[in-house]
Amino acid sequence: MGNYIIRRLLIAVPSLLGISVVLFCVLALAPGDPFEELATNPNVPAEVRMALRQKFGLDDPVFVRYFHWLGAMAQGDWGFSFVSRIDVDKLILQRLPVTLFVIGSSQILALLIAIPVGVYAATRPYSIFDQIANTLAFIGFSLPTFFTGLLFILLFSIKLDWLPMVYRSDVAATGWKWYWEHLRQAIMPICVLGFFQAASMTRYVRSAVLDVIRLDYVTTARAKGLGEKKVIVKHVVRNALIPVVTLVALQMPAIFGGAIVTEQIFRIPGIGSLLISSILANDTPVIMAVTFVFACLVVFFNLIADVLYGWLDPRITYR
Amino acid sequence: MRERELRGMIRDVKEGRLDRRSFIGRMIALGLTAPMAGQMLMHAGVANAQSKFEYKPTKRGGGGTLKLLWWQGPTVLNPHFAQGTKDQDGCRLFYEPLAAWDEEGNLIPVLASEIPSRENGGLSADGKSIVWKIKKNVKWHDGTPMTADDIVFTWQYARDPATTAVTVATYKNIEVEKIDDYSVRVKLPKAQPFWAEAFVGIRGMIMPKHVFGAFIGDKSRDAPANTKPVGTGPYKMTDFKPGDLITGVINTDYHIPNMPHFDALEMKGGGDAVSAARAVLQTGEYDFAWNMQVEEEILARLESGGKGKAVPALGANIEHVTLNVTDPNTEIDGERSSLKSKHPAFSDPKVREAFRLLIDRKAVQDHIYGRAGVATANMLNGPDRYRSKNVAWEFNVEKAVKLLEEAGWKPGAGGIREKDGKRLKFVFQTSTNAPRQKTQAIIKQACQKAGIELELKSVVASVFFSADPGNNDTFSKFYADIQMYTNGPQEPDPGLFMDTFKSTNIATKDNKWQGRNPSRWANAEYDKLATAAESELDPVKRAAIFIEMNDILVKDGAVIPVVWRPLVAAISNSLRCRISGWDVNTGSIESWYRV
């Protein structure tokens, strides 16, 4: 397996290089200028803008800029933001914990809902519970997160005034109050993302369990007199969850993408909102770095999914 | 109104026959900015009026936390790197200039102990030298006293091209020398009517020499203080997350007694304008939100919650339409809209006038901008209460039709007017922004009635305002018949802004379309006046020149002012603050307090 992982990592290198070339070219070809705000300001002469462009290497040919970027990247230098002139890695590291916290919690919430509901629904297919769960799941994944996000704000922040609508990265409180305040402001974004995930996962869990529950070994387990609970938990769920685990791993990058919008709505200072503000400001180094991080996540989680699958299911071998 | 009448009026103010406010009101009516009028009085020895704002707290601190919400968070805390207003707002929490412009356009001292004038010997008779005296009790946030060395350093820092300061143009051509520890002399290369530029207002933030001294030129980006400001302002920074959050605590050594009122401050960034307005006006989570680009209808509904109100910050930004007098469809020597070409329709003043009559500015104000855009006939505008009732603009389709008929444009196929085989069919471009697209639609509708067909085009703002010479959709290339955007003097003197329309500033291929005059409009008389204004030292004569320039520009019709656009801020009912349209939003943050 060690060999397999090393081989996969080596294959990842050229694919990441390819991704970086495409990203860089698209960004370089896209029109726009990080110094747009200076353009309509009569107090800033055009020479200042031109000097800045030249200084930051914006006037160099694309391939020169790319190799410059690649060379610096290989040495661990991510470049600096044109707008804030702060190193990009600092900016990203500053934002990453919040994103991981929100996404991680929402994933956990989604699993906590999806697994019990999906399993229960599958053991009693077409019952009232199953019907309701199905309907809710359909509604859940049909509603986009930006819509449910606004709905939550309207309901819980404005009408009921229970939860704050603005997320703050540093809460001015200590001890238990600090945790409580953090939780309070994170409830809405975590729920929005978590419910959305839970909806599609519930249906997946349900169908996976339904597939397994009809198999002969389950009948055998029941026939030898095992309790229903033991049959479901030990024999059915264990096997049914193998594809679910893969799905969760494969979906991780998509969740990062979905979190971009949610972060913007709730003003969560994560990498998603960093990406949006950088795109608006044409801050190429930051856009490049964030999208590249996303690309790495896709490659990385694909690898994790494959490795996990083999680990959980001994029938799979690595060659 | 000419020079002699202006002098008469100033004498009236001096002798008390005319009050200050009505004088300024009349100057505004002539198309002058309020600060210019104020400057005229100052020059003539009439003291600055005391501003109405009253600071009530009698001790420093005790006000709790001030919560500010910027829907685009500041990303830079070095004022000489600050590109946009959001960054300038953030920098001003910690850094201060020698003097700043208040809401009535008066120059008020901040770090300076007095405003230089002819009377106190601060201004030399030849207009080439200014002496600034600075306060003696000012300390940097780390406790080091501020001296004249810091002022001289600020000049050296910003003027070095390798520092890549956005303020380099302000400091490049001047000389600054230390007289003693608490005064400096600024020497201008030539006599300048508007001398209050260096060390004043947005571009005048003073930097500490002991902190930035080692980081001048190429090393400027490495300064740790770029993200950990050490200034003289009323609050000290505690935490800065670019684009997200700035927190600060009270500066107990602040140089003005009893200020500031708040113990701590927080400036949150991100999100969008509507929800920011909601957080102040409806839920009351925040005290102040910036730049409410929100439709009037929504603002009014949010305000009905009673927790706060939306207040326009009076500035001079003007949304205007430009008619291309050159031909955007013919390429000459590798450029379209070349000065060597002539627009088939807009080179005729009658067509330009007809088009001006087709812009329903009142509808634009009522249905789109509300209090964030006031219909106007002038390119130069001032605070609302001083706005002229005498200067007129008109929306009149019949009159426009008559003018077009006179000019020989007769209805052709599909009701579109034509003449010599050319049809009145224009491309109208602007940046992508909901109010702008609605304004385009209003103009298009009126044009249809008059037999002009408009093709509406919108370009993403970052492309439209880009300096990229390779892109054909930029406002400076102007490869369209008509375009619309906002521009205006950032600081009270309209000199630089009015220079925009000088023919030497026209954007062409030769200057890589970097010229500040994308309109292609050229007028010999205007040029002559603009040149005269650049070196005219007498504020009264200069004022008369600007009035004439405004009139030429507006009457010619190639540039059509639509609405004057103050920035609207949402302010909680419990917060007392003043915002000057001639300075950043946080320009007077030291005097904000809660009741």
# chains A, B, ... in the order shown; residues from 1 in each chain; ligands from 1
$ closest_atom_pairs --of "chain A" --to "chain B" --cutoff "6 Å" --atoms "only C-alpha atoms" --output "CSV"
residue,atom,partner,partner_atom,distance
A:Pro31,CA,B:Val463,CA,5.8
A:Gly32,CA,B:Val463,CA,4.3
A:Asp33,CA,B:Ser466,CA,5.0
A:Glu36,CA,B:Ser466,CA,5.2
A:Glu37,CA,B:Gly84,CA,5.8
A:Pro42,CA,B:Phe497,CA,5.8
A:Ala46,CA,B:Gln514,CA,5.7
A:Ser84,CA,B:Val76,CA,4.8
A:Gln264,CA,B:Gly271,CA,5.3
A:Ile265,CA,B:Gly271,CA,5.9
A:Arg267,CA,B:Gly271,CA,5.1
A:Pro269,CA,B:Asp244,CA,5.8
$ closest_atom_pairs --of "segment 276-315 of chain A" --to "segment 89-106 of chain A" --cutoff "12 Å" --atoms "only C-alpha atoms" --output "CSV"
residue,atom,partner,partner_atom,distance
A:Ser278,CA,A:Leu91,CA,11.2
A:Pro285,CA,A:Asp89,CA,10.3
A:Val286,CA,A:Leu91,CA,8.4
A:Ile287,CA,A:Ile92,CA,10.7
A:Met288,CA,A:Asp89,CA,11.5
A:Ala289,CA,A:Asp89,CA,8.2
A:Val290,CA,A:Ile92,CA,7.5
A:Thr291,CA,A:Ile92,CA,11.3
A:Phe292,CA,A:Ile92,CA,11.6
A:Val293,CA,A:Ile92,CA,9.4
A:Phe294,CA,A:Ile92,CA,11.7
$ write_last_selection --atoms "C-alpha atoms" --output "mmCIF file, in the first residue's frame"
data_model
loop_
_atom_site.group_PDB
_atom_site.id
_atom_site.type_symbol
_atom_site.label_atom_id
_atom_site.label_comp_id
_atom_site.auth_asym_id
_atom_site.auth_seq_id
_atom_site.Cartn_x
_atom_site.Cartn_y
_atom_site.Cartn_z
ATOM 1 C CA SER A 278 -9.694 38.864 -4.199
ATOM 2 C CA PRO A 285 -1.639 36.107 -6.528
ATOM 3 C CA VAL A 286 -4.319 35.470 -3.912
ATOM 4 C CA ILE A 287 -6.842 34.062 -6.418
ATOM 5 C CA MET A 288 -4.125 31.845 -7.821
ATOM 6 C CA ALA A 289 -3.104 30.555 -4.401
ATOM 7 C CA VAL A 290 -6.638 29.903 -3.142
ATOM 8 C CA THR A 291 -7.766 28.122 -6.306
ATOM 9 C CA PHE A 292 -4.550 26.123 -6.240
ATOM 10 C CA VAL A 293 -5.233 25.097 -2.648
ATOM 11 C CA PHE A 294 -8.699 23.961 -3.758
#
$ residues_around --residues "segment 243-254 of chain A" --least-positions-apart "2" --cutoff "9 Å" --atoms "only C-alpha atoms" --output "mmCIF file with N, CA and C atoms, in the first residue's frame"
data_model
loop_
_atom_site.group_PDB
_atom_site.id
_atom_site.type_symbol
_atom_site.label_atom_id
_atom_site.label_comp_id
_atom_site.auth_asym_id
_atom_site.auth_seq_id
_atom_site.Cartn_x
_atom_site.Cartn_y
_atom_site.Cartn_z
ATOM 1 N N ILE A 103 -16.709 24.060 8.161
ATOM 2 C CA ILE A 103 -16.957 22.929 7.271
ATOM 3 C C ILE A 103 -16.932 21.617 8.039
ATOM 4 N N GLN A 107 -20.021 19.042 8.452
ATOM 5 C CA GLN A 107 -19.920 17.648 7.997
ATOM 6 C C GLN A 107 -20.359 16.692 9.103
ATOM 7 N N MET A 201 -26.936 13.127 1.611
ATOM 8 C CA MET A 201 -26.328 11.934 2.196
ATOM 9 C C MET A 201 -27.373 10.973 2.723
ATOM 10 N N TYR A 204 -28.425 8.792 0.100
ATOM 11 C CA TYR A 204 -27.362 7.868 -0.281
ATOM 12 C C TYR A 204 -27.261 6.722 0.727
ATOM 13 N N VAL A 205 -27.294 7.094 2.010
ATOM 14 C CA VAL A 205 -27.223 6.088 3.067
ATOM 15 C C VAL A 205 -28.399 5.126 2.920
ATOM 16 N N ALA A 208 -27.864 2.753 0.066
ATOM 17 C CA ALA A 208 -26.777 1.819 0.351
ATOM 18 C C ALA A 208 -27.246 0.737 1.316
ATOM 19 N N ASN A 239 -21.224 -2.675 6.388
ATOM 20 C CA ASN A 239 -20.955 -2.858 4.966
ATOM 21 C C ASN A 239 -21.537 -1.734 4.112
ATOM 22 N N ALA A 240 -22.694 -1.261 4.550
ATOM 23 C CA ALA A 240 -23.357 -0.227 3.753
ATOM 24 C C ALA A 240 -22.574 1.079 3.770
ATOM 25 N N LEU A 241 -21.832 1.299 4.839
ATOM 26 C CA LEU A 241 -21.173 2.599 4.967
ATOM 27 C C LEU A 241 -19.895 2.725 4.133
ATOM 28 N N PHE A 256 -16.112 22.650 0.169
ATOM 29 C CA PHE A 256 -15.321 23.882 0.237
ATOM 30 C C PHE A 256 -15.880 24.908 -0.739
ATOM 31 N N GLY A 257 -16.235 24.447 -1.932
ATOM 32 C CA GLY A 257 -16.812 25.341 -2.935
ATOM 33 C C GLY A 257 -18.135 25.922 -2.464
ATOM 34 N N GLY A 258 -18.987 25.045 -1.905
ATOM 35 C CA GLY A 258 -20.291 25.508 -1.440
ATOM 36 C C GLY A 258 -20.159 26.484 -0.289
ATOM 37 N N ALA A 259 -19.083 26.320 0.495
ATOM 38 C CA ALA A 259 -18.906 27.184 1.657
ATOM 39 C C ALA A 259 -18.580 28.622 1.252
ATOM 40 N N PHE A 294 -7.504 24.764 -3.476
ATOM 41 C CA PHE A 294 -8.699 23.961 -3.758
ATOM 42 C C PHE A 294 -8.339 22.774 -4.663
ATOM 43 N N ALA A 295 -7.513 23.038 -5.677
ATOM 44 C CA ALA A 295 -7.119 21.972 -6.598
ATOM 45 C C ALA A 295 -6.373 20.876 -5.839
ATOM 46 N N LEU A 297 -6.720 20.151 -2.747
ATOM 47 C CA LEU A 297 -7.696 19.439 -1.919
ATOM 48 C C LEU A 297 -8.395 18.359 -2.725
ATOM 49 N N VAL A 298 -8.773 18.682 -3.975
ATOM 50 C CA VAL A 298 -9.464 17.707 -4.822
ATOM 51 C C VAL A 298 -8.580 16.485 -5.014
ATOM 52 N N PHE A 301 -8.100 14.570 -1.575
ATOM 53 C CA PHE A 301 -9.254 13.823 -1.071
ATOM 54 C C PHE A 301 -9.605 12.651 -1.985
ATOM 55 N N ASN A 302 -9.298 12.759 -3.269
ATOM 56 C CA ASN A 302 -9.474 11.623 -4.162
ATOM 57 C C ASN A 302 -8.591 10.471 -3.717
ATOM 58 N N ILE A 304 -7.371 10.032 -0.689
ATOM 59 C CA ILE A 304 -7.872 9.541 0.599
ATOM 60 C C ILE A 304 -9.043 8.591 0.375
ATOM 61 N N ALA A 305 -9.946 8.978 -0.549
ATOM 62 C CA ALA A 305 -11.109 8.136 -0.813
ATOM 63 C C ALA A 305 -10.672 6.757 -1.281
ATOM 64 N N ASP A 306 -9.711 6.734 -2.189
ATOM 65 C CA ASP A 306 -9.255 5.451 -2.717
ATOM 66 C C ASP A 306 -8.608 4.597 -1.632
ATOM 67 N N LEU A 308 -8.996 4.822 1.657
ATOM 68 C CA LEU A 308 -9.996 4.430 2.647
ATOM 69 C C LEU A 308 -10.825 3.251 2.148
ATOM 70 N N TYR A 309 -11.170 3.306 0.884
ATOM 71 C CA TYR A 309 -12.021 2.275 0.302
ATOM 72 C C TYR A 309 -11.337 0.915 0.414
#
$ atom_distance --atom1 "atom CA of Leu150 of chain A" --atom2 "atom CA of Asn433 of chain B"
21.7 Å
$ select_by_dssp --residues "segment 68-262 of chain B" --states "helix (DSSP H, G or I)" --output "PyMOL selection string"
chain B and resi 85-92+148-159+161-163+168-172+201-203+209-212+217-222+224-226
$ atom_distance --atom1 "atom CA of Glu96 of chain B" --atom2 "atom CA of Phe240 of chain B"
18.3 Å
$ closest_residue --among "B:His80, B:Pro492, B:Tyr182, B:Ala100" --to "Arg85 of chain A" --atoms "only C-alpha atoms"
B:His80
$ residues_around --residues "Lys457 of chain B" --least-positions-apart "2" --cutoff "7 Å" --atoms "only C-alpha atoms" --output "PyMOL selection string"
chain B and resi 427-430+455+459
$ select_by_dssp --residues "segment 212-459 of chain B" --states "strand (DSSP E or B)" --output "NGL selection string"
:B and (235-241 or 245-250 or 264-269 or 288-289 or 308-313 or 318-323 or 332 or 335 or 374-375 or 410-411 or 417-419 or 422-423 or 425-431 or 453-459)
$ residues_around --residues "segment 186-194 of chain B" --least-positions-apart "5" --cutoff "7 Å" --atoms "only C-alpha atoms" --output "VMD selection string"
chain B and resid 126 to 131 173 to 177 493 535 to 537
$ decode --residues "segment 87-130 of chain A" --atoms "N, CA and C atoms" --output "mmCIF file, in the first residue's frame"
data_model
loop_
_atom_site.group_PDB
_atom_site.id
_atom_site.type_symbol
_atom_site.label_atom_id
_atom_site.label_comp_id
_atom_site.auth_asym_id
_atom_site.auth_seq_id
_atom_site.Cartn_x
_atom_site.Cartn_y
_atom_site.Cartn_z
ATOM 1 N N ASP A 87 1.998 38.754 2.562
ATOM 2 C CA ASP A 87 2.279 37.451 1.961
ATOM 3 C C ASP A 87 1.016 36.596 1.888
ATOM 4 N N VAL A 88 0.840 35.916 0.749
ATOM 5 C CA VAL A 88 -0.373 35.157 0.514
ATOM 6 C C VAL A 88 -0.534 34.024 1.527
ATOM 7 N N ASP A 89 0.582 33.319 1.845
ATOM 8 C CA ASP A 89 0.437 32.191 2.778
ATOM 9 C C ASP A 89 -0.058 32.662 4.131
ATOM 10 N N LYS A 90 0.372 33.859 4.544
ATOM 11 C CA LYS A 90 -0.128 34.408 5.811
ATOM 12 C C LYS A 90 -1.627 34.628 5.747
ATOM 13 N N LEU A 91 -2.063 35.228 4.632
ATOM 14 C CA LEU A 91 -3.494 35.506 4.466
ATOM 15 C C LEU A 91 -4.298 34.214 4.542
ATOM 16 N N ILE A 92 -3.813 33.174 3.841
ATOM 17 C CA ILE A 92 -4.571 31.925 3.793
ATOM 18 C C ILE A 92 -4.567 31.232 5.153
ATOM 19 N N LEU A 93 -3.401 31.189 5.795
ATOM 20 C CA LEU A 93 -3.329 30.531 7.098
ATOM 21 C C LEU A 93 -4.233 31.221 8.118
ATOM 22 N N GLN A 94 -4.340 32.556 7.976
ATOM 23 C CA GLN A 94 -5.186 33.305 8.887
ATOM 24 C C GLN A 94 -6.654 32.895 8.730
ATOM 25 N N ARG A 95 -7.031 32.569 7.488
ATOM 26 C CA ARG A 95 -8.435 32.291 7.202
ATOM 27 C C ARG A 95 -8.797 30.820 7.354
ATOM 28 N N LEU A 96 -7.803 29.950 7.233
ATOM 29 C CA LEU A 96 -8.078 28.522 7.146
ATOM 30 C C LEU A 96 -8.802 27.947 8.378
ATOM 31 N N PRO A 97 -8.369 28.281 9.616
ATOM 32 C CA PRO A 97 -9.012 27.649 10.770
ATOM 33 C C PRO A 97 -10.524 27.836 10.795
ATOM 34 N N VAL A 98 -10.991 29.051 10.465
ATOM 35 C CA VAL A 98 -12.431 29.309 10.513
ATOM 36 C C VAL A 98 -13.156 28.423 9.512
ATOM 37 N N THR A 99 -12.600 28.352 8.283
ATOM 38 C CA THR A 99 -13.229 27.523 7.264
ATOM 39 C C THR A 99 -13.271 26.063 7.705
ATOM 40 N N LEU A 100 -12.150 25.576 8.239
ATOM 41 C CA LEU A 100 -12.106 24.183 8.672
ATOM 42 C C LEU A 100 -13.113 23.929 9.791
ATOM 43 N N PHE A 101 -13.213 24.880 10.710
ATOM 44 C CA PHE A 101 -14.158 24.730 11.814
ATOM 45 C C PHE A 101 -15.584 24.639 11.289
ATOM 46 N N VAL A 102 -15.957 25.581 10.420
ATOM 47 C CA VAL A 102 -17.334 25.613 9.924
ATOM 48 C C VAL A 102 -17.627 24.383 9.071
ATOM 49 N N ILE A 103 -16.709 24.060 8.161
ATOM 50 C CA ILE A 103 -16.957 22.929 7.271
ATOM 51 C C ILE A 103 -16.932 21.617 8.039
ATOM 52 N N GLY A 104 -15.948 21.474 8.952
ATOM 53 C CA GLY A 104 -15.856 20.260 9.749
ATOM 54 C C GLY A 104 -17.122 20.049 10.565
ATOM 55 N N SER A 105 -17.558 21.106 11.260
ATOM 56 C CA SER A 105 -18.751 20.960 12.091
ATOM 57 C C SER A 105 -19.961 20.619 11.240
ATOM 58 N N SER A 106 -20.067 21.251 10.075
ATOM 59 C CA SER A 106 -21.249 20.994 9.256
ATOM 60 C C SER A 106 -21.225 19.557 8.734
ATOM 61 N N GLN A 107 -20.021 19.042 8.452
ATOM 62 C CA GLN A 107 -19.920 17.648 7.997
ATOM 63 C C GLN A 107 -20.359 16.692 9.103
ATOM 64 N N ILE A 108 -19.896 16.999 10.322
ATOM 65 C CA ILE A 108 -20.265 16.137 11.449
ATOM 66 C C ILE A 108 -21.778 16.170 11.659
ATOM 67 N N LEU A 109 -22.326 17.385 11.592
ATOM 68 C CA LEU A 109 -23.772 17.527 11.747
ATOM 69 C C LEU A 109 -24.500 16.719 10.673
ATOM 70 N N ALA A 110 -23.989 16.820 9.433
ATOM 71 C CA ALA A 110 -24.632 16.122 8.323
ATOM 72 C C ALA A 110 -24.618 14.614 8.562
ATOM 73 N N LEU A 111 -23.470 14.095 9.025
ATOM 74 C CA LEU A 111 -23.376 12.652 9.276
ATOM 75 C C LEU A 111 -24.297 12.233 10.418
ATOM 76 N N LEU A 112 -24.346 13.082 11.462
ATOM 77 C CA LEU A 112 -25.189 12.762 12.613
ATOM 78 C C LEU A 112 -26.658 12.670 12.215
ATOM 79 N N ILE A 113 -27.042 13.462 11.225
ATOM 80 C CA ILE A 113 -28.433 13.387 10.768
ATOM 81 C C ILE A 113 -28.595 12.254 9.767
ATOM 82 N N ALA A 114 -27.677 12.202 8.789
ATOM 83 C CA ALA A 114 -27.883 11.327 7.638
ATOM 84 C C ALA A 114 -27.845 9.852 8.018
ATOM 85 N N ILE A 115 -26.887 9.445 8.836
ATOM 86 C CA ILE A 115 -26.748 8.003 9.096
ATOM 87 C C ILE A 115 -27.956 7.432 9.842
ATOM 88 N N PRO A 116 -28.328 7.988 11.014
ATOM 89 C CA PRO A 116 -29.503 7.392 11.670
ATOM 90 C C PRO A 116 -30.770 7.473 10.818
ATOM 91 N N VAL A 117 -30.997 8.633 10.212
ATOM 92 C CA VAL A 117 -32.237 8.794 9.440
ATOM 93 C C VAL A 117 -32.229 7.851 8.238
ATOM 94 N N GLY A 118 -31.106 7.798 7.542
ATOM 95 C CA GLY A 118 -31.021 6.958 6.350
ATOM 96 C C GLY A 118 -31.188 5.485 6.681
ATOM 97 N N VAL A 119 -30.525 5.042 7.756
ATOM 98 C CA VAL A 119 -30.601 3.637 8.137
ATOM 99 C C VAL A 119 -32.021 3.281 8.571
ATOM 100 N N TYR A 120 -32.594 4.144 9.391
ATOM 101 C CA TYR A 120 -33.936 3.874 9.897
ATOM 102 C C TYR A 120 -34.940 3.830 8.750
ATOM 103 N N ALA A 121 -34.783 4.767 7.817
ATOM 104 C CA ALA A 121 -35.694 4.815 6.676
ATOM 105 C C ALA A 121 -35.550 3.558 5.822
ATOM 106 N N ALA A 122 -34.327 3.056 5.703
ATOM 107 C CA ALA A 122 -34.095 1.886 4.851
ATOM 108 C C ALA A 122 -34.643 0.608 5.485
ATOM 109 N N THR A 123 -34.610 0.567 6.824
ATOM 110 C CA THR A 123 -35.129 -0.647 7.464
ATOM 111 C C THR A 123 -36.656 -0.695 7.389
ATOM 112 N N ARG A 124 -37.254 0.450 7.214
ATOM 113 C CA ARG A 124 -38.714 0.473 7.059
ATOM 114 C C ARG A 124 -39.078 1.210 5.766
ATOM 115 N N PRO A 125 -38.729 0.630 4.627
ATOM 116 C CA PRO A 125 -38.964 1.346 3.373
ATOM 117 C C PRO A 125 -40.459 1.603 3.128
ATOM 118 N N TYR A 126 -40.746 2.775 2.599
ATOM 119 C CA TYR A 126 -42.113 3.212 2.243
ATOM 120 C C TYR A 126 -43.027 3.355 3.446
ATOM 121 N N SER A 127 -42.455 3.403 4.650
ATOM 122 C CA SER A 127 -43.290 3.706 5.819
ATOM 123 C C SER A 127 -43.496 5.219 5.859
ATOM 124 N N ILE A 128 -44.308 5.674 6.807
ATOM 125 C CA ILE A 128 -44.553 7.110 6.945
ATOM 126 C C ILE A 128 -43.229 7.838 7.193
ATOM 127 N N PHE A 129 -42.404 7.262 8.083
ATOM 128 C CA PHE A 129 -41.124 7.898 8.404
ATOM 129 C C PHE A 129 -40.270 8.047 7.141
ATOM 130 N N ASP A 130 -40.221 6.984 6.360
ATOM 131 C CA ASP A 130 -39.431 7.010 5.134
ATOM 132 C C ASP A 130 -39.933 8.096 4.185
#
